2 protein chains.
Amino acid sequence: MAAELTAHELIAQHRPTLDQALEAIRTRAYWSPHPEHPKAYGENGSLDAAAGKAAFDALLGTRLDLGQPGTDDWTGGEVSPYGIELGVTYPHADLDVLLPVMKAGQRSWRDAGAEIRAMVCLEILKRISDRTHEFAHAVMHTSGQAFMMAFQAGGPHAQDRGLEAVAYAYVEQVRTPDTAEWTKPQGKREPLALTKRFTPVPRGIALVIGCNTFPTWNGYPGLFASLATGNAVLVKPHPRAVLPLALTVQVARQVLAEAGFDPNLIALAVERPGEGIAKTLATRPEIRIIDYTGSTAFGDWLEANARQAQVFTEKAGVNTVVVESTDDYKGMLANLAFSLSLYSGQMCTTPQNLLVPRDGIRTDQGPRSFDEVVADLAKAVDGLLGDDTRANALLGAIVNPDVKARLEAAAGLGEVALASREVVNPEFPGAVVRTPVIVKLDGAKPDDEAAYMSECFGPVSFAVAVDSAADAVELLRRTIREKGAMTVGAYTTDEEVERAVEEACLEEAAQLSLNLTGGVYVNQTAAFSDFHGSGGNPAANAALTDGAFVANRFRMVEVRREA
Amino acid sequence: MAAELTAHELIAQHRPTLDQALEAIRTRAYWSPHPEHPKAYGENGSLDAAAGKAAFDALLGTRLDLGQPGTDDWTGGEVSPYGIELGVTYPHADLDVLLPVMKAGQRSWRDAGAEIRAMVCLEILKRISDRTHEFAHAVMHTSGQAFMMAFQAGGPHAQDRGLEAVAYAYVEQVRTPDTAEWTKPQGKREPLALTKRFTPVPRGIALVIGCNTFPTWNGYPGLFASLATGNAVLVKPHPRAVLPLALTVQVARQVLAEAGFDPNLIALAVERPGEGIAKTLATRPEIRIIDYTGSTAFGDWLEANARQAQVFTEKAGVNTVVVESTDDYKGMLANLAFSLSLYSGQMCTTPQNLLVPRDGIRTDQGPRSFDEVVADLAKAVDGLLGDDTRANALLGAIVNPDVKARLEAAAGLGEVALASREVVNPEFPGAVVRTPVIVKLDGAKPDDEAAYMSECFGPVSFAVAVDSAADAVELLRRTIREKGAMTVGAYTTDEEVERAVEEACLEEAAQLSLNLTGGVYVNQTAAFSDFHGSGGNPAANAALTDGAFVANRFRMVEVRREA
C-alpha cells in the first residue's frame, strides 16, 4: 500500500518549520509556530472554540479504541478536578503481545532516516495543533488547569516543547554525515581508503510516564525526542490524566500509518485502578529509555532500578525567591502574586520559599520591614484574586485530594500571613478552588526548617525570615543542593548580592530569574529559548531541552569497507 | 601574577587546529595534526628519538613530585612487561585535603569560557605531542606494547582522541549562545523583553580510572572532555601503568599554571599496593563524572554504586568476525593474521571468535573447507611472525601474568589449530613474548559455548564452526547482545549475507568492518572519523567520541532579567 503522505509532501510542508526551530535553538530568540490566542484557530483545518468543545464533549463516555494489538481489556475512570466524570475507557495492554509488536516497525522507521522521522513528528504536532481547542478541554479536565492555561500550556507551549525536542534530536543525528570517504596518505605507498556509512539506530522501546498536572507539556519532550531518534514509544499516562496523552497517541498512530510506517511504533498503556504498572513496565528488558515526571521517591526508584534504560527524571524541588531589595516594589509584588497564584501553585516551577531579611528590605517606596513585605504581598495576592471570575481563571482547580490536604495542613506550620479561601466556580460547582496560603517561618528556627526544606506542592508559600542577604544566599545554596530547584528568583538592586545569588546558581546549577516585575514570571519558560530545569541539581536529572536530553536516545553505528 | 600564556597567544596558536578538528568530526574525512612517524619529531621544540629516550631514562628511579597539596606519602612500583623496574614514585594523596583544593580553581576555570578551556587543552596536547618519544617509552614499559605501537597508539593516536574530545566538548558548549535577547510580541501592548545569559557550568570533579594496556589512548578522551567542560580532573592510573598518565598530569598542571589557572584543576591519585582506592574515590560526593576502562565486573560495580556521578565505562566484550566468503582469500588471511597478532591480541578491539561455516567457504582460490580456512589462517599468522624481530615488533610483551595464564589455559579448551610459541626478545630478555593461539571449537556443542561466549583477553582466538551463514549471523547477534562487542568484522561476497550481518550490527549496535583485506584492521579506529565502541551494547556504555560522551559533563545555567 502506498503511503498517503509522501516524503516529498512531508518535507515540503514541514522542513521550513524545522529549519526555523533549528535557528531558534541556536539564537534562543523568541519564536513559536503555535499560536497562543484561542481565536487564532478555526481556519486551515484547525478546530475553532466551538468545534473543539464539541469534539471534547463527543469523547465523553466513549471507548477510545486505538486499534492496538494485545488489548486484553478496557479501563479508565478519570474524574475531572472540575467534578465531571469523563467516562472514557482506554485499551489495557497485554505487554507480552504489545511490546514485540511495537518492535516490528522499528527497522523501517530507522531506515527512514532522521529527516523523515522529524517530518512525521512535525505532522503529528501539526494535527495536534489543529485540535488545540479539543486538547485544551482534555488538559483542563484532567489537570484542573483553568481553561486559558490548559489551552496555552497544554496546547501551543507543549507543542513548542515537542518541536524543540524534535529539532534537538534531528540535529544530533545529522551532525555525523550519512557517509564519509576516508583517505589516509601512506607516503610513497597507495593511500588507505575506506568508505564509511553511519546510521543512527534506536535504543529500543521508550517509555513515557506521564504526570497529572502537565500531561502534554511534560510528556511531549521525551515522547518526541524518542520517536524522532527512531525508538518506538509506549506512553503510560497518569491514571488521572489519560485523555490528553491518549489523544496524542491516537493522532500519532494515524500519522505514522498514513506516512507508511507501522502505527504500533507508538502505543498507550493505561493501568487499572491500583494496578501500578509503572514499575513492571520500567524494568522490562525491552524498555531502554524512560521519561518520567513526578515524585522524588519514584524518580529515585527508577534511577536505581531501571538500570537497563536511560532514565530522564523530573522530580520534586524547593524553589526559592530571594527578596533583598527592589526599585519597583509594586511590580515585584504584582509579579510574585501572579507567580504564587497561577494554577494554584501546582507547577513544579512555582516559588515556595520567599527569603526576606528579618530587618526588612530597601525599595523605591522606602524601607519595608519583613512583616510589611509579607503583608504587602498578601494584599497583592488578595487584590489579584479578589474577583471570583478572575480568581477562577487564574487558579484553576485543586488537582487532587493530596494537594488539598497539604494546603489545609500548611496553616498549622506557622503564622498565617494570608489565609487560603474557597472560591466558588459557578460553571463547575464540583471544582475545589482555593487561593494560596502564605505562612511566615523563621530561617533561624530549627523547628521551621522541616517545613521550608520540604516540597509542599500546591498553593503554599513560606515567607522565611533570614538574618541577612548573605544568610539568604547560603540558605538558597543549601536548598538547591539538598532539595533541588527547578527555578530560582531574586530581587535585588545590590550588585554584590546579585553576584552572590548568581554564583550560588552557577555553582549549584539552577536557573535564575532576576528582578522580574513585568509580564514574565519565574514559573514560566519558553521553548527554544529557556531551559526548563538544569539537570544538575536534585530536582531533575535532565533539562528541557539540550543535547544531553537527546544524544543518548540513539547510538551511531558505522559500517566501513575498503573504498 | 600575570599569566605567561595569554588568551590571545593561545587562540592565535591553537584556534586553527580546533577549527580543523571541528571540520574533521563533521566530514569524518581523514585528518590528524599529530605525526605518526617517529622521524617527524625533533624540530620546533619536540624531542627526537634520542632526546625522548634520554628523557625517559632520566625519569627512572626518581620521585615525580607534582607539587600537589595533600601529598601524605610516596608510592609506586611499576615493573615493565619488558622486565625492568621503573622505580618511579608518585604522590599519594590525602583526599580530604586534595579534593577541596581541586575545587578551589573551578570558578575561574568556568568563567574562562569554553574557547579558552579548549585552547589550554590544546596547549597541553601540544606539549605532550612534543614529548611523544618520551611518552612512547613510558607507554611501552607499562603496557608492554612494542615500541612502534606504543609510539603511535600511545602518542599521536591518543593525542588525536584527546583533541577529538576537546572538539566535541567545545562545540557542545557553544551551541547555546553566551547571551540572547528575547522579545515576545504582545499584540497592541509592549512586547515582553528579556536578556538572557547562558553559562556552561561543570558538574564537579571528574575521575579518570586508567587501564593497564592503553593508559593514554583510553585515558585522554574522558580526561580532556571533562577538563574542557570546566571540571577538575583527578586521574587514578592503573597501578601497573602510572607513568604515562603521571607525565600527562604533570604537563597539564604546568600549562594550567602558565595560563593563569590553578594547577590543582588536575591531580594524580596513585594507590599503594593493594590499597584499592578506586571504590573509595568513585563514591566520594565530590566526584560527579567517572571515566573507566577495564573489567566488566568493576564497570558494572561503578554503574550500580557511583550513583552520584555520570559514569562512562568501557568493559569487556567478545568480538566476532564472520568468515563466509571472500574474493581475496590471501588478503583476508593476511589482514586477519595481523589483527590477531597486533599487541598479542591485548586490545579491546581484537577479534576473538572467527565464525566459519563447517561446510567451508567460497574464495577466489576455490572452495575452502573449515579445516583449510583455519589451517591457512594459522599459516598466515606463522608466516607473519616467523621472523623473531618482526614478531617482537608486532607482538610486544604479555602485559601481566593473568594474560599469560589465560593463554596457557586456552590450549585445553579445544583442538589447537595454531600453538602459541615463545619468542625471545634480545633487547629485553625479561619480556614475556608469545604468539597467538588459535583453538577450534564447535558452535553446535554446548560445552564449547562456555569458552567462546566469554572474553578471553589476550592472544587467544577461537575458530568456531557454525552450521551456516544464517547460524553465524544469529550467533553474532546473540554474542553482541549478551556479551557486548567493541568491533565486528565480516568477510562475504554474498549481498544477502552482508545485509544480514549489517542488520544484526544495526539492531545490536556494534561497529562493523566489512571485507578488510588491506592495511586497515578491524581492531584499529581513527579519531575524527571512526567511533570506538557504540555505547549501545554491553561492551561499553559510551562511544569515543560523540555528543553523548560530552553533553552531560556540564550543565547550562541561564540567568534572565528584563531587558
# chains A, B, ... in the order shown; residues from 1 in each chain; ligands from 1
call {"tool": "interface_residues", "arguments": {"of": "chain B", "to": "chain A", "cutoff": "7 Å", "atoms": "only C-alpha atoms", "output": "mmCIF file with N, CA and C atoms, in the first residue's frame"}}
result
data_model
loop_
_atom_site.group_PDB
_atom_site.id
_atom_site.type_symbol
_atom_site.label_atom_id
_atom_site.label_comp_id
_atom_site.auth_asym_id
_atom_site.auth_seq_id
_atom_site.Cartn_x
_atom_site.Cartn_y
_atom_site.Cartn_z
ATOM 1 N N ARG B 26 32.954 16.714 11.496
ATOM 2 C CA ARG B 26 31.745 16.952 10.713
ATOM 3 C C ARG B 26 31.776 16.147 9.405
ATOM 4 N N THR B 27 32.944 16.115 8.767
ATOM 5 C CA THR B 27 33.043 15.373 7.499
ATOM 6 C C THR B 27 33.456 13.930 7.729
ATOM 7 N N ARG B 28 34.183 13.699 8.815
ATOM 8 C CA ARG B 28 34.753 12.396 9.148
ATOM 9 C C ARG B 28 35.716 11.896 8.062
ATOM 10 N N ALA B 29 36.306 12.840 7.364
ATOM 11 C CA ALA B 29 37.403 12.502 6.453
ATOM 12 C C ALA B 29 38.674 12.336 7.290
ATOM 13 N N TYR B 30 39.734 11.813 6.660
ATOM 14 C CA TYR B 30 40.986 11.631 7.395
ATOM 15 C C TYR B 30 41.589 12.970 7.783
ATOM 16 N N ARG B 175 26.946 25.592 21.374
ATOM 17 C CA ARG B 175 25.718 25.557 20.561
ATOM 18 C C ARG B 175 24.640 26.429 21.183
ATOM 19 N N THR B 176 24.747 26.712 22.463
ATOM 20 C CA THR B 176 23.913 27.734 23.084
ATOM 21 C C THR B 176 24.750 29.010 23.139
ATOM 22 N N PRO B 177 24.183 30.148 22.715
ATOM 23 C CA PRO B 177 24.983 31.382 22.704
ATOM 24 C C PRO B 177 25.241 31.877 24.141
ATOM 25 N N ALA B 180 21.374 36.095 24.860
ATOM 26 C CA ALA B 180 20.287 36.183 23.882
ATOM 27 C C ALA B 180 19.347 37.298 24.298
ATOM 28 N N GLU B 181 18.804 37.955 23.300
ATOM 29 C CA GLU B 181 17.730 38.925 23.538
ATOM 30 C C GLU B 181 16.446 38.257 23.083
ATOM 31 N N TRP B 182 15.470 38.230 23.973
ATOM 32 C CA TRP B 182 14.216 37.504 23.696
ATOM 33 C C TRP B 182 13.088 38.513 23.748
ATOM 34 N N THR B 183 12.381 38.684 22.670
ATOM 35 C CA THR B 183 11.314 39.695 22.601
ATOM 36 C C THR B 183 10.059 39.038 22.056
ATOM 37 N N LYS B 184 9.054 38.998 22.890
ATOM 38 C CA LYS B 184 7.816 38.306 22.517
ATOM 39 C C LYS B 184 6.709 39.327 22.275
ATOM 40 N N LEU B 192 7.075 41.677 25.504
ATOM 41 C CA LEU B 192 7.873 41.212 26.631
ATOM 42 C C LEU B 192 9.311 41.083 26.143
ATOM 43 N N VAL B 201 28.324 25.215 33.080
ATOM 44 C CA VAL B 201 28.929 25.033 34.404
ATOM 45 C C VAL B 201 29.350 23.573 34.561
ATOM 46 N N LEU B 506 23.336 -3.279 13.201
ATOM 47 C CA LEU B 506 22.490 -2.110 13.426
ATOM 48 C C LEU B 506 21.529 -2.363 14.590
ATOM 49 N N ALA B 509 23.667 -2.667 17.765
ATOM 50 C CA ALA B 509 24.544 -1.515 17.971
ATOM 51 C C ALA B 509 26.007 -1.916 18.142
ATOM 52 N N ALA B 510 26.582 -2.438 17.061
ATOM 53 C CA ALA B 510 28.020 -2.754 17.060
ATOM 54 C C ALA B 510 28.649 -2.207 15.786
ATOM 55 N N GLN B 511 29.901 -1.794 15.887
ATOM 56 C CA GLN B 511 30.611 -1.196 14.753
ATOM 57 C C GLN B 511 31.173 -2.295 13.871
ATOM 58 N N LEU B 512 30.901 -2.197 12.565
ATOM 59 C CA LEU B 512 31.199 -3.281 11.624
ATOM 60 C C LEU B 512 32.241 -2.869 10.592
ATOM 61 N N SER B 513 33.242 -3.755 10.411
ATOM 62 C CA SER B 513 34.214 -3.601 9.317
ATOM 63 C C SER B 513 33.984 -4.744 8.342
ATOM 64 N N LEU B 514 33.790 -4.386 7.073
ATOM 65 C CA LEU B 514 33.441 -5.383 6.064
ATOM 66 C C LEU B 514 34.602 -5.625 5.108
ATOM 67 N N ASN B 515 34.957 -6.900 4.938
ATOM 68 C CA ASN B 515 35.895 -7.313 3.887
ATOM 69 C C ASN B 515 37.201 -6.524 3.886
ATOM 70 N N LEU B 516 37.780 -6.357 5.059
ATOM 71 C CA LEU B 516 39.078 -5.668 5.113
ATOM 72 C C LEU B 516 40.168 -6.637 4.679
ATOM 73 N N GLY B 519 45.470 -2.583 4.406
ATOM 74 C CA GLY B 519 46.251 -2.082 5.528
ATOM 75 C C GLY B 519 45.426 -1.444 6.638
ATOM 76 N N SER B 534 30.163 1.497 20.535
ATOM 77 C CA SER B 534 28.914 2.161 20.150
ATOM 78 C C SER B 534 28.174 2.736 21.341
ATOM 79 N N GLY B 535 28.480 2.264 22.548
ATOM 80 C CA GLY B 535 27.700 2.691 23.703
ATOM 81 C C GLY B 535 26.325 2.046 23.753
ATOM 82 N N GLY B 536 26.058 1.132 22.830
ATOM 83 C CA GLY B 536 24.729 0.539 22.773
ATOM 84 C C GLY B 536 24.706 -0.968 22.981
ATOM 85 N N GLY B 547 28.318 13.106 20.779
ATOM 86 C CA GLY B 547 27.714 14.134 21.616
ATOM 87 C C GLY B 547 27.398 13.631 23.013
ATOM 88 N N ALA B 548 26.925 12.392 23.097
ATOM 89 C CA ALA B 548 26.547 11.848 24.400
ATOM 90 C C ALA B 548 27.748 11.720 25.334
ATOM 91 N N ALA B 551 28.002 15.722 26.432
ATOM 92 C CA ALA B 551 26.886 16.641 26.712
ATOM 93 C C ALA B 551 26.493 16.697 28.176
ATOM 94 N N ASN B 552 26.714 15.616 28.899
ATOM 95 C CA ASN B 552 26.294 15.617 30.302
ATOM 96 C C ASN B 552 27.450 15.840 31.272
ATOM 97 N N ARG B 555 26.477 21.416 32.665
ATOM 98 C CA ARG B 555 25.069 21.813 32.578
ATOM 99 C C ARG B 555 25.049 23.280 32.154
ATOM 100 N N MET B 556 23.950 23.687 31.533
ATOM 101 C CA MET B 556 23.849 25.068 31.078
ATOM 102 C C MET B 556 22.958 25.832 32.057
ATOM 103 N N VAL B 557 23.517 26.863 32.665
ATOM 104 C CA VAL B 557 22.733 27.671 33.607
ATOM 105 C C VAL B 557 22.401 29.000 32.951
ATOM 106 N N GLU B 558 21.131 29.344 33.066
ATOM 107 C CA GLU B 558 20.611 30.556 32.440
ATOM 108 C C GLU B 558 20.287 31.583 33.524
ATOM 109 N N VAL B 559 20.696 32.816 33.296
ATOM 110 C CA VAL B 559 20.286 33.929 34.146
ATOM 111 C C VAL B 559 19.527 34.896 33.243
ATOM 112 N N ARG B 560 18.295 35.168 33.594
ATOM 113 C CA ARG B 560 17.496 36.044 32.731
ATOM 114 C C ARG B 560 16.962 37.206 33.541
ATOM 115 N N ARG B 561 16.839 38.333 32.881
ATOM 116 C CA ARG B 561 16.331 39.542 33.531
ATOM 117 C C ARG B 561 15.623 40.373 32.471
ATOM 118 N N GLU B 562 14.799 41.280 32.937
ATOM 119 C CA GLU B 562 14.087 42.108 31.961
ATOM 120 C C GLU B 562 15.068 42.988 31.196
#
call {"tool": "residues_around", "arguments": {"residues": "A:Val270", "least_positions_apart": "2", "cutoff": "10 Å", "atoms": "only C-alpha atoms", "output": "list in words"}}
result
Trp74, Thr75, Gly76, Thr89, Tyr90, Pro91, His92, Ala93, Val235, Lys236, Pro237, His238, Pro239, Val242, Ala246, Ala267, Leu268, Arg272, Pro273, Glu275, Gly276, Ile277 and Ala278 of chain A
call {"tool": "atom_distance", "arguments": {"atom1": "atom CA of A:Glu314", "atom2": "atom CA of A:Thr435"}}
result
25.9 Å
call {"tool": "residues_around", "arguments": {"residues": "A:Leu475", "least_positions_apart": "6", "cutoff": "10 Å", "atoms": "only C-alpha atoms", "output": "PyMOL selection string"}}
result
chain A and resi 320+322+355+443+453+466+469+481+504
call {"tool": "select_by_dssp", "arguments": {"residues": "stretch 13-253 of chain B", "states": "strand (DSSP E)", "output": "PyMOL selection string"}}
result
chain B and resi 71-75+90-93+179-186+189-202+205-209+232-236
call {"tool": "write_last_selection", "arguments": {"atoms": "N, CA and C atoms", "output": "compact mmCIF listing (two decimals), in the first residue's frame"}}
result
# COMPACT_ATOMS: atom_id res chain seq x y z
N THR B 71 49.73 15.76 49.70
CA THR B 71 50.54 14.56 49.45
C THR B 71 51.05 14.05 50.78
N ASP B 72 50.59 12.87 51.17
CA ASP B 72 50.95 12.36 52.51
C ASP B 72 51.96 11.24 52.46
N ASP B 73 52.39 10.88 51.25
CA ASP B 73 53.29 9.73 51.13
C ASP B 73 53.73 9.65 49.67
N TRP B 74 54.64 8.74 49.40
CA TRP B 74 55.08 8.49 48.02
C TRP B 74 54.96 7.01 47.76
N THR B 75 54.48 6.68 46.57
CA THR B 75 54.26 5.26 46.29
C THR B 75 54.50 4.98 44.81
N TYR B 90 55.41 8.26 43.11
CA TYR B 90 54.41 9.28 42.81
C TYR B 90 53.74 9.73 44.10
N PRO B 91 53.11 10.90 44.07
CA PRO B 91 52.42 11.36 45.28
C PRO B 91 51.25 10.45 45.64
N HIS B 92 51.12 10.16 46.89
CA HIS B 92 49.92 9.51 47.42
C HIS B 92 49.09 10.58 48.10
N ALA B 93 47.81 10.62 47.77
CA ALA B 93 47.00 11.78 48.16
C ALA B 93 46.17 11.54 49.41
N THR B 179 24.74 34.89 25.19
CA THR B 179 23.64 35.77 25.57
C THR B 179 22.58 35.73 24.48
N ALA B 180 21.37 36.10 24.86
CA ALA B 180 20.29 36.18 23.88
C ALA B 180 19.35 37.30 24.30
N GLU B 181 18.80 37.96 23.30
CA GLU B 181 17.73 38.92 23.54
C GLU B 181 16.45 38.26 23.08
N TRP B 182 15.47 38.23 23.97
CA TRP B 182 14.22 37.50 23.70
C TRP B 182 13.09 38.51 23.75
N THR B 183 12.38 38.68 22.67
CA THR B 183 11.31 39.70 22.60
C THR B 183 10.06 39.04 22.06
N LYS B 184 9.05 39.00 22.89
CA LYS B 184 7.82 38.31 22.52
C LYS B 184 6.71 39.33 22.28
N PRO B 185 6.17 39.37 21.06
CA PRO B 185 5.11 40.34 20.76
C PRO B 185 3.89 40.10 21.65
N GLN B 186 3.21 41.18 21.99
CA GLN B 186 2.01 41.11 22.84
C GLN B 186 0.87 41.87 22.18
N ARG B 189 0.02 45.62 23.00
CA ARG B 189 0.81 46.04 24.17
C ARG B 189 2.31 45.98 23.86
N GLU B 190 3.07 46.54 24.79
CA GLU B 190 4.53 46.46 24.67
C GLU B 190 4.98 45.00 24.63
N PRO B 191 5.92 44.67 23.82
CA PRO B 191 6.41 43.28 23.84
C PRO B 191 7.09 42.95 25.17
N LEU B 192 7.08 41.68 25.50
CA LEU B 192 7.87 41.21 26.63
C LEU B 192 9.31 41.08 26.14
N ALA B 193 10.25 41.56 26.96
CA ALA B 193 11.64 41.51 26.50
C ALA B 193 12.54 41.08 27.65
N LEU B 194 13.34 40.09 27.39
CA LEU B 194 14.28 39.58 28.39
C LEU B 194 15.69 39.51 27.80
N THR B 195 16.66 39.76 28.67
CA THR B 195 18.05 39.50 28.32
C THR B 195 18.47 38.23 29.06
N LYS B 196 19.06 37.32 28.33
CA LYS B 196 19.41 36.03 28.92
C LYS B 196 20.91 35.78 28.79
N ARG B 197 21.49 35.24 29.83
CA ARG B 197 22.91 34.86 29.75
C ARG B 197 23.02 33.37 30.04
N PHE B 198 23.78 32.68 29.25
CA PHE B 198 23.92 31.22 29.39
C PHE B 198 25.38 30.87 29.72
N THR B 199 25.56 30.10 30.76
CA THR B 199 26.91 29.73 31.18
C THR B 199 27.01 28.22 31.32
N PRO B 200 27.93 27.59 30.59
CA PRO B 200 28.17 26.17 30.86
C PRO B 200 28.88 26.02 32.20
N VAL B 201 28.32 25.22 33.08
CA VAL B 201 28.93 25.03 34.40
C VAL B 201 29.35 23.57 34.56
N PRO B 202 30.48 23.36 35.25
CA PRO B 202 30.97 21.99 35.41
C PRO B 202 30.10 21.23 36.41
N ILE B 205 34.12 17.39 40.27
CA ILE B 205 35.40 16.76 39.98
C ILE B 205 35.16 15.49 39.19
N ALA B 206 35.92 15.33 38.11
CA ALA B 206 35.83 14.13 37.28
C ALA B 206 36.96 13.18 37.66
N LEU B 207 36.64 11.90 37.66
CA LEU B 207 37.62 10.87 37.99
C LEU B 207 37.91 10.05 36.73
N VAL B 208 39.17 9.93 36.40
CA VAL B 208 39.58 9.05 35.30
C VAL B 208 40.28 7.84 35.90
N ILE B 209 39.73 6.66 35.65
CA ILE B 209 40.34 5.43 36.16
C ILE B 209 41.02 4.75 34.97
N ALA B 232 37.25 19.92 37.28
CA ALA B 232 38.57 19.48 37.73
C ALA B 232 38.66 17.98 37.46
N VAL B 233 39.89 17.49 37.29
CA VAL B 233 40.05 16.08 36.91
C VAL B 233 41.07 15.40 37.82
N LEU B 234 40.61 14.33 38.45
CA LEU B 234 41.50 13.51 39.26
C LEU B 234 41.80 12.23 38.49
N VAL B 235 43.08 11.96 38.29
CA VAL B 235 43.48 10.81 37.47
C VAL B 235 44.00 9.71 38.38
N LYS B 236 43.33 8.57 38.35
CA LYS B 236 43.80 7.40 39.10
C LYS B 236 44.26 6.35 38.10
call {"tool": "atom_distance", "arguments": {"atom1": "atom CA of B:Gln254", "atom2": "atom CA of B:Ile287"}}
result
23.0 Å
call {"tool": "residues_around", "arguments": {"residues": "stretch 7-15 of chain A", "least_positions_apart": "2", "cutoff": "9 Å", "atoms": "only C-alpha atoms", "output": "PyMOL selection string"}}
result
chain A and resi 3+5+17-20+115-116+118-120+122-123+259
call {"tool": "write_last_selection", "arguments": {"atoms": "N, CA and C atoms", "output": "CSV table (one decimal), in the first residue's frame"}}
result
chain,number,residue,atom,x,y,z
A,3,ALA,N,2.0,4.9,0.7
A,3,ALA,CA,1.7,5.9,1.8
A,3,ALA,C,0.9,7.0,1.3
A,5,LEU,N,0.8,9.9,2.8
A,5,LEU,CA,1.7,11.1,3.0
A,5,LEU,C,3.1,10.7,2.4
A,17,THR,N,9.6,24.7,8.8
A,17,THR,CA,9.4,24.8,10.2
A,17,THR,C,10.5,24.3,11.0
A,18,LEU,N,11.0,23.1,10.6
A,18,LEU,CA,12.2,22.5,11.3
A,18,LEU,C,13.4,23.5,11.2
A,19,ASP,N,13.6,24.0,10.1
A,19,ASP,CA,14.7,25.0,9.9
A,19,ASP,C,14.6,26.2,10.8
A,20,GLN,N,13.4,26.7,10.9
A,20,GLN,CA,13.2,27.8,11.9
A,20,GLN,C,13.4,27.4,13.3
A,115,GLU,N,15.7,12.8,8.9
A,115,GLU,CA,14.9,13.9,8.4
A,115,GLU,C,13.4,13.5,8.3
A,116,ILE,N,13.2,12.3,7.7
A,116,ILE,CA,11.8,11.8,7.5
A,116,ILE,C,11.1,11.6,8.9
A,118,ALA,N,11.8,13.3,11.6
A,118,ALA,CA,11.4,14.6,12.1
A,118,ALA,C,10.2,15.2,11.4
A,119,MET,N,10.1,14.9,10.1
A,119,MET,CA,8.9,15.4,9.3
A,119,MET,C,7.6,14.7,9.8
A,120,VAL,N,7.7,13.4,10.1
A,120,VAL,CA,6.5,12.7,10.6
A,120,VAL,C,6.1,13.3,12.0
A,122,LEU,N,6.7,16.3,13.0
A,122,LEU,CA,6.1,17.6,12.8
A,122,LEU,C,4.6,17.5,12.3
A,123,GLU,N,4.4,16.5,11.5
A,123,GLU,CA,3.0,16.3,11.0
A,123,GLU,C,2.1,15.9,12.2
A,259,ALA,N,1.8,7.8,6.8
A,259,ALA,CA,3.1,8.0,6.2
A,259,ALA,C,3.8,6.7,5.8
call {"tool": "residues_around", "arguments": {"residues": "stretch 401-409 of chain A", "least_positions_apart": "2", "cutoff": "7 Å", "atoms": "only C-alpha atoms", "output": "list in words"}}
result
Ile398, Val399, Ala411, Gly412, Cys456, Phe457, Gly458, Pro459 and Val460 of chain A
call {"tool": "closest_residue", "arguments": {"among": "A:Val423, A:Ala114, A:Met486, A:Ala50", "to": "A:Asn523", "atoms": "only C-alpha atoms"}}
result
A:Met486
call {"tool": "select_by_dssp", "arguments": {"residues": "stretch 215-415 of chain A", "states": "helix (DSSP H, G or I)", "output": "count of residues only"}}
result
99
call {"tool": "atom_distance", "arguments": {"atom1": "atom CA of A:Phe135", "atom2": "atom CA of A:Arg240"}}
result
15.2 Å
call {"tool": "residues_around", "arguments": {"residues": "B:Asn44", "least_positions_apart": "2", "cutoff": "12 Å", "atoms": "only C-alpha atoms", "output": "ChimeraX atom specification"}}
result
/B:40-42,46-48,126-127,129-131
